[in-house]
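With mmCIF, N, CA and C atoms inside, this is model_3.cif:
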```cif
data_upload
#
loop_
_atom_site.label_atom_id
_atom_site.label_comp_id
_atom_site.auth_asym_id
_atom_site.auth_seq_id
_atom_site.Cartn_x
_atom_site.Cartn_y
_atom_site.Cartn_z
N MET B 1 -0.38 -1.72 -49.11
CA MET B 1 -0.90 -2.52 -48.01
C MET B 1 -2.43 -2.50 -48.09
N ASP B 2 -3.01 -3.67 -48.11
CA ASP B 2 -4.46 -3.72 -48.23
C ASP B 2 -5.12 -3.73 -46.85
N GLN B 3 -6.44 -3.70 -46.86
CA GLN B 3 -7.22 -3.63 -45.62
C GLN B 3 -6.96 -4.80 -44.68
N SER B 4 -6.85 -6.01 -45.21
CA SER B 4 -6.65 -7.18 -44.35
C SER B 4 -5.29 -7.12 -43.66
N GLU B 5 -4.27 -6.62 -44.34
CA GLU B 5 -2.94 -6.47 -43.71
C GLU B 5 -3.00 -5.42 -42.60
N LYS B 6 -3.69 -4.33 -42.85
CA LYS B 6 -3.84 -3.29 -41.83
C LYS B 6 -4.60 -3.83 -40.63
N LEU B 7 -5.64 -4.60 -40.91
CA LEU B 7 -6.42 -5.20 -39.84
C LEU B 7 -5.57 -6.16 -39.01
N LEU B 8 -4.78 -7.00 -39.65
CA LEU B 8 -3.89 -7.93 -38.93
C LEU B 8 -2.87 -7.17 -38.09
N MET B 9 -2.32 -6.11 -38.62
CA MET B 9 -1.35 -5.31 -37.86
C MET B 9 -2.02 -4.68 -36.64
N GLY B 10 -3.24 -4.23 -36.83
CA GLY B 10 -3.99 -3.66 -35.71
C GLY B 10 -4.27 -4.69 -34.63
N ILE B 11 -4.66 -5.87 -35.06
CA ILE B 11 -4.93 -6.96 -34.11
C ILE B 11 -3.66 -7.34 -33.36
N GLU B 12 -2.54 -7.43 -34.07
CA GLU B 12 -1.26 -7.73 -33.43
C GLU B 12 -0.90 -6.67 -32.40
N SER B 13 -1.14 -5.43 -32.74
CA SER B 13 -0.86 -4.33 -31.82
C SER B 13 -1.73 -4.44 -30.56
N ILE B 14 -3.01 -4.72 -30.75
CA ILE B 14 -3.93 -4.86 -29.61
C ILE B 14 -3.51 -6.04 -28.73
N LEU B 15 -3.14 -7.15 -29.34
CA LEU B 15 -2.71 -8.32 -28.58
C LEU B 15 -1.44 -8.03 -27.78
N SER B 16 -0.56 -7.27 -28.37
CA SER B 16 0.68 -6.90 -27.69
C SER B 16 0.37 -6.04 -26.46
N VAL B 17 -0.52 -5.06 -26.62
CA VAL B 17 -0.91 -4.20 -25.51
C VAL B 17 -1.62 -5.03 -24.43
N ALA B 18 -2.50 -5.94 -24.86
CA ALA B 18 -3.22 -6.79 -23.91
C ALA B 18 -2.24 -7.65 -23.11
N SER B 19 -1.24 -8.19 -23.78
CA SER B 19 -0.24 -9.00 -23.11
C SER B 19 0.53 -8.17 -22.08
N ASP B 20 0.87 -6.95 -22.45
CA ASP B 20 1.56 -6.04 -21.53
C ASP B 20 0.69 -5.74 -20.31
N LEU B 21 -0.61 -5.56 -20.55
CA LEU B 21 -1.53 -5.29 -19.45
C LEU B 21 -1.66 -6.48 -18.50
N VAL B 22 -1.71 -7.67 -19.05
CA VAL B 22 -1.77 -8.88 -18.22
C VAL B 22 -0.52 -8.98 -17.35
N ASP B 23 0.63 -8.71 -17.94
CA ASP B 23 1.89 -8.73 -17.18
C ASP B 23 1.87 -7.68 -16.07
N GLU B 24 1.35 -6.49 -16.38
CA GLU B 24 1.31 -5.41 -15.39
C GLU B 24 0.35 -5.75 -14.25
N VAL B 25 -0.76 -6.35 -14.56
CA VAL B 25 -1.71 -6.77 -13.52
C VAL B 25 -1.05 -7.80 -12.59
N ALA B 26 -0.34 -8.74 -13.15
CA ALA B 26 0.36 -9.75 -12.35
C ALA B 26 1.41 -9.08 -11.46
N ARG B 27 2.13 -8.12 -12.01
CA ARG B 27 3.14 -7.39 -11.23
C ARG B 27 2.48 -6.63 -10.08
N LEU B 28 1.36 -5.97 -10.37
CA LEU B 28 0.67 -5.21 -9.33
C LEU B 28 0.10 -6.11 -8.24
N LYS B 29 -0.35 -7.30 -8.60
CA LYS B 29 -0.81 -8.25 -7.58
C LYS B 29 0.33 -8.65 -6.66
N ASN B 30 1.52 -8.84 -7.22
CA ASN B 30 2.69 -9.16 -6.40
C ASN B 30 3.04 -8.00 -5.47
N VAL B 31 2.97 -6.79 -6.00
CA VAL B 31 3.25 -5.60 -5.18
C VAL B 31 2.23 -5.49 -4.05
N GLU B 32 0.97 -5.74 -4.37
CA GLU B 32 -0.08 -5.69 -3.36
C GLU B 32 0.17 -6.71 -2.25
N GLU B 33 0.58 -7.91 -2.62
CA GLU B 33 0.88 -8.95 -1.63
C GLU B 33 2.08 -8.54 -0.77
N GLU B 34 3.10 -7.96 -1.39
CA GLU B 34 4.26 -7.49 -0.63
C GLU B 34 3.87 -6.38 0.33
N CYS B 35 2.99 -5.48 -0.09
CA CYS B 35 2.51 -4.41 0.78
C CYS B 35 1.77 -4.98 1.98
N LYS B 36 0.97 -5.99 1.73
CA LYS B 36 0.22 -6.64 2.81
C LYS B 36 1.18 -7.22 3.84
N ILE B 37 2.21 -7.88 3.37
CA ILE B 37 3.20 -8.49 4.26
C ILE B 37 3.95 -7.41 5.05
N LEU B 38 4.33 -6.33 4.37
CA LEU B 38 5.04 -5.23 5.04
C LEU B 38 4.16 -4.56 6.09
N LYS B 39 2.88 -4.35 5.78
CA LYS B 39 1.97 -3.74 6.75
C LYS B 39 1.87 -4.61 7.99
N GLU B 40 1.79 -5.93 7.80
CA GLU B 40 1.72 -6.84 8.95
C GLU B 40 3.00 -6.76 9.78
N LYS B 41 4.15 -6.71 9.09
CA LYS B 41 5.43 -6.64 9.82
C LYS B 41 5.54 -5.34 10.61
N VAL B 42 5.16 -4.22 10.01
CA VAL B 42 5.22 -2.94 10.70
C VAL B 42 4.30 -2.98 11.92
N PHE B 43 3.12 -3.51 11.74
CA PHE B 43 2.15 -3.61 12.83
C PHE B 43 2.72 -4.46 13.97
N MET B 44 3.25 -5.62 13.63
CA MET B 44 3.74 -6.55 14.65
C MET B 44 5.03 -6.09 15.32
N ASN B 45 5.81 -5.26 14.64
CA ASN B 45 7.09 -4.82 15.20
C ASN B 45 6.94 -3.92 16.43
N GLN B 46 5.74 -3.47 16.71
CA GLN B 46 5.55 -2.65 17.91
C GLN B 46 5.50 -3.51 19.18
N PHE B 47 5.47 -4.82 18.99
CA PHE B 47 5.40 -5.75 20.11
C PHE B 47 6.73 -6.45 20.33
N THR B 48 6.93 -6.91 21.56
CA THR B 48 8.09 -7.76 21.83
C THR B 48 7.86 -9.10 21.14
N LYS B 49 8.90 -9.91 21.06
CA LYS B 49 8.79 -11.24 20.44
C LYS B 49 7.72 -12.07 21.15
N ALA B 50 7.72 -12.03 22.46
CA ALA B 50 6.74 -12.80 23.23
C ALA B 50 5.32 -12.30 22.97
N GLU B 51 5.15 -10.99 22.90
CA GLU B 51 3.83 -10.41 22.61
C GLU B 51 3.39 -10.78 21.19
N GLN B 52 4.32 -10.81 20.27
CA GLN B 52 3.99 -11.21 18.89
C GLN B 52 3.45 -12.63 18.86
N GLU B 53 4.08 -13.52 19.62
CA GLU B 53 3.63 -14.91 19.66
C GLU B 53 2.21 -15.00 20.22
N VAL B 54 1.97 -14.27 21.29
CA VAL B 54 0.65 -14.28 21.92
C VAL B 54 -0.39 -13.69 20.97
N PHE B 55 -0.05 -12.57 20.35
CA PHE B 55 -1.00 -11.91 19.46
C PHE B 55 -1.29 -12.76 18.22
N SER B 56 -0.27 -13.39 17.68
CA SER B 56 -0.48 -14.27 16.51
C SER B 56 -1.46 -15.39 16.84
N LEU B 57 -1.32 -15.94 18.03
CA LEU B 57 -2.25 -17.01 18.44
C LEU B 57 -3.65 -16.45 18.70
N ALA B 58 -3.72 -15.23 19.23
CA ALA B 58 -5.02 -14.60 19.44
C ALA B 58 -5.70 -14.33 18.10
N ILE B 59 -4.93 -13.92 17.11
CA ILE B 59 -5.47 -13.69 15.76
C ILE B 59 -6.08 -14.98 15.22
N ASP B 60 -5.43 -16.10 15.54
CA ASP B 60 -5.92 -17.41 15.09
C ASP B 60 -7.11 -17.90 15.92
N GLY B 61 -7.50 -17.11 16.94
CA GLY B 61 -8.69 -17.45 17.72
C GLY B 61 -8.46 -18.26 18.97
N HIS B 62 -7.22 -18.39 19.39
CA HIS B 62 -6.92 -19.19 20.58
C HIS B 62 -7.26 -18.42 21.86
N SER B 63 -7.76 -19.14 22.84
CA SER B 63 -8.07 -18.56 24.15
C SER B 63 -6.79 -18.43 24.97
N ILE B 64 -6.92 -17.78 26.13
CA ILE B 64 -5.77 -17.62 27.02
C ILE B 64 -5.22 -18.98 27.43
N SER B 65 -6.11 -19.89 27.80
CA SER B 65 -5.63 -21.21 28.25
C SER B 65 -4.98 -22.00 27.11
N GLU B 66 -5.52 -21.85 25.90
CA GLU B 66 -4.89 -22.51 24.75
C GLU B 66 -3.52 -21.92 24.45
N ILE B 67 -3.43 -20.60 24.53
CA ILE B 67 -2.13 -19.94 24.31
C ILE B 67 -1.13 -20.39 25.37
N GLN B 68 -1.60 -20.48 26.60
CA GLN B 68 -0.76 -20.94 27.70
C GLN B 68 -0.22 -22.33 27.43
N ASP B 69 -1.07 -23.23 26.96
CA ASP B 69 -0.65 -24.60 26.66
C ASP B 69 0.32 -24.64 25.47
N ILE B 70 0.04 -23.86 24.45
CA ILE B 70 0.88 -23.86 23.25
C ILE B 70 2.27 -23.30 23.54
N LEU B 71 2.30 -22.20 24.29
CA LEU B 71 3.59 -21.52 24.54
C LEU B 71 4.27 -21.98 25.82
N HIS B 72 3.58 -22.82 26.61
CA HIS B 72 4.13 -23.31 27.88
C HIS B 72 4.54 -22.16 28.79
N ARG B 73 3.60 -21.22 28.97
CA ARG B 73 3.82 -20.07 29.85
C ARG B 73 2.73 -20.03 30.90
N GLU B 74 3.03 -19.33 31.98
CA GLU B 74 2.04 -19.16 33.05
C GLU B 74 0.89 -18.28 32.57
N GLU B 75 -0.28 -18.52 33.15
CA GLU B 75 -1.46 -17.73 32.78
C GLU B 75 -1.21 -16.24 33.04
N SER B 76 -0.58 -15.93 34.15
CA SER B 76 -0.31 -14.52 34.48
C SER B 76 0.61 -13.87 33.44
N THR B 77 1.54 -14.64 32.92
CA THR B 77 2.45 -14.13 31.88
C THR B 77 1.66 -13.81 30.61
N ILE B 78 0.80 -14.72 30.20
CA ILE B 78 -0.02 -14.51 29.00
C ILE B 78 -0.93 -13.30 29.20
N LYS B 79 -1.56 -13.21 30.35
CA LYS B 79 -2.45 -12.07 30.63
C LYS B 79 -1.68 -10.76 30.61
N ASN B 80 -0.48 -10.77 31.16
CA ASN B 80 0.34 -9.55 31.17
C ASN B 80 0.73 -9.16 29.74
N GLN B 81 1.09 -10.13 28.93
CA GLN B 81 1.46 -9.84 27.54
C GLN B 81 0.25 -9.32 26.76
N ARG B 82 -0.91 -9.89 27.01
CA ARG B 82 -2.14 -9.41 26.37
C ARG B 82 -2.43 -7.97 26.80
N LYS B 83 -2.24 -7.69 28.10
CA LYS B 83 -2.46 -6.34 28.62
C LYS B 83 -1.53 -5.35 27.92
N ASN B 84 -0.27 -5.75 27.73
CA ASN B 84 0.69 -4.88 27.04
C ASN B 84 0.28 -4.64 25.58
N ILE B 85 -0.21 -5.67 24.93
CA ILE B 85 -0.67 -5.55 23.54
C ILE B 85 -1.82 -4.53 23.46
N LEU B 86 -2.79 -4.69 24.36
CA LEU B 86 -3.95 -3.79 24.37
C LEU B 86 -3.52 -2.35 24.63
N LYS B 87 -2.57 -2.19 25.53
CA LYS B 87 -2.08 -0.84 25.85
C LYS B 87 -1.40 -0.23 24.62
N LYS B 88 -0.56 -1.00 23.96
CA LYS B 88 0.17 -0.49 22.79
C LYS B 88 -0.78 -0.15 21.64
N LEU B 89 -1.88 -0.87 21.55
CA LEU B 89 -2.85 -0.62 20.47
C LEU B 89 -3.97 0.33 20.91
N ASN B 90 -3.94 0.69 22.18
CA ASN B 90 -4.96 1.58 22.73
C ASN B 90 -6.36 1.00 22.50
N THR B 91 -6.50 -0.28 22.84
CA THR B 91 -7.79 -0.96 22.68
C THR B 91 -8.23 -1.53 24.02
N GLU B 92 -9.51 -1.83 24.10
CA GLU B 92 -10.10 -2.34 25.34
C GLU B 92 -10.12 -3.87 25.40
N SER B 93 -10.11 -4.51 24.22
CA SER B 93 -10.23 -5.97 24.22
C SER B 93 -9.35 -6.58 23.13
N MET B 94 -9.06 -7.86 23.28
CA MET B 94 -8.28 -8.56 22.27
C MET B 94 -9.07 -8.67 20.97
N THR B 95 -10.38 -8.79 21.08
CA THR B 95 -11.22 -8.82 19.87
C THR B 95 -11.04 -7.53 19.07
N GLU B 96 -11.04 -6.41 19.76
CA GLU B 96 -10.84 -5.12 19.11
C GLU B 96 -9.43 -5.03 18.51
N ALA B 97 -8.44 -5.56 19.21
CA ALA B 97 -7.06 -5.56 18.71
C ALA B 97 -6.94 -6.39 17.43
N VAL B 98 -7.58 -7.55 17.43
CA VAL B 98 -7.56 -8.43 16.25
C VAL B 98 -8.24 -7.73 15.07
N LYS B 99 -9.37 -7.06 15.33
CA LYS B 99 -10.06 -6.32 14.27
C LYS B 99 -9.16 -5.23 13.70
N GLN B 100 -8.40 -4.58 14.58
CA GLN B 100 -7.47 -3.55 14.13
C GLN B 100 -6.43 -4.14 13.18
N PHE B 101 -5.93 -5.31 13.52
CA PHE B 101 -4.97 -6.01 12.66
C PHE B 101 -5.61 -6.39 11.33
N GLN B 102 -6.80 -6.93 11.38
CA GLN B 102 -7.49 -7.36 10.16
C GLN B 102 -7.83 -6.17 9.26
N LYS B 103 -8.04 -5.02 9.86
CA LYS B 103 -8.38 -3.81 9.12
C LYS B 103 -7.21 -3.36 8.22
N LEU B 104 -6.00 -3.80 8.54
CA LEU B 104 -4.84 -3.46 7.72
C LEU B 104 -5.06 -3.82 6.26
N HIS B 105 -5.75 -4.91 6.02
CA HIS B 105 -5.94 -5.41 4.67
C HIS B 105 -7.06 -4.69 3.92
N GLN B 106 -7.80 -3.87 4.65
CA GLN B 106 -8.88 -3.13 4.02
C GLN B 106 -8.47 -1.71 3.68
N GLU B 107 -7.40 -1.21 4.32
CA GLU B 107 -6.95 0.16 4.09
C GLU B 107 -6.01 0.23 2.90
N PRO B 108 -6.15 1.26 2.09
CA PRO B 108 -5.20 1.42 0.99
C PRO B 108 -3.79 1.67 1.53
N SER B 109 -2.78 1.21 0.82
CA SER B 109 -1.40 1.36 1.25
C SER B 109 -1.01 2.82 1.44
N GLN B 110 -1.53 3.71 0.60
CA GLN B 110 -1.18 5.12 0.69
C GLN B 110 -1.53 5.70 2.05
N LYS B 111 -2.64 5.24 2.64
CA LYS B 111 -3.09 5.76 3.93
C LYS B 111 -2.08 5.41 5.02
N LEU B 112 -1.50 4.23 4.93
CA LEU B 112 -0.54 3.80 5.94
C LEU B 112 0.77 4.57 5.87
N ILE B 113 1.21 4.91 4.67
CA ILE B 113 2.51 5.57 4.53
C ILE B 113 2.38 7.08 4.35
N GLY B 114 1.18 7.60 4.51
CA GLY B 114 0.99 9.05 4.51
C GLY B 114 1.01 9.72 3.15
N ILE B 115 0.71 9.01 2.11
CA ILE B 115 0.64 9.61 0.77
C ILE B 115 -0.81 9.99 0.51
N SER B 116 -1.00 11.21 0.04
CA SER B 116 -2.40 11.62 -0.26
C SER B 116 -2.54 12.04 -1.68
#
```

Let me see the structure of the file written as structure tokens.
Amino acid sequence: MDQSEKLLMGIESILSVASDLVDEVARLKNVEEECKILKEKVFMNQFTKAEQEVFSLAIDGHSISEIQDILHREESTIKNQRKNILKKLNTESMTEAVKQFQKLHQEPSQKLIGIS
């Protein structure tokens, strides 16, 4: 086997490893996206269905009156659901609650599931 054949075999080997790495990166991106979705579901599952609807709209930046119009609920009902959300999250404001939700995407998955 001459030098050029050895070189070609080496290049083929490197390309094979590179292809495997590209596949692994794609797989890890999918896993990361699934983790993001699961973190959101775990976070939202602490709320009732009605609270989830209100919080989802608050995340999108809707005001109390807009949420009231969208969900066709009384203002007092929306305010009560917001109060329950804040209590469950131990926060003072809906802005703080939304930031807590958004922070999910900045924390490593291990921190959420207690792996160190």

Closest of B:Ser4, B:Gln81, B:Ser13, B:Ser19 to Phe55 of chain B - atom-to-atom distances counting only N, CA and C atoms: B:Gln81

Residues within 8 Å of (-5.4, -12.4, 19.9), counting only N, CA and C atoms, listed as a count of residues only: 16

Nearest residue to Asn45 of chain B from the set B:Arg27, B:Ile64, B:Lys79, B:Ile85 (distances using only C-alpha atoms): B:Ile85

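The two atoms in question, atom CA of Glu66 of chain B and atom C of Gln52 of chain B, are spaced 14.2 Å apart.
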
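Between atom CA of Lys87 of chain B and atom CA of Lys41 of chain B lies a distance of 18.6 Å.
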
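When atom CA of Lys6 of chain B is paired with atom CA of Asp23 of chain B, their separation reads 25.9 Å.
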
Expected answer as a ChimeraX atom specification: alpha helix (DSSP H) residues in chain B: /B:3-44,49-59,64-71,75-89,94-103,109-113

Nearest candidate to Lys88 of chain B (options B:Ile67, B:Phe47, B:Glu53, B:Lys103; using all atoms listed in the file): B:Phe47
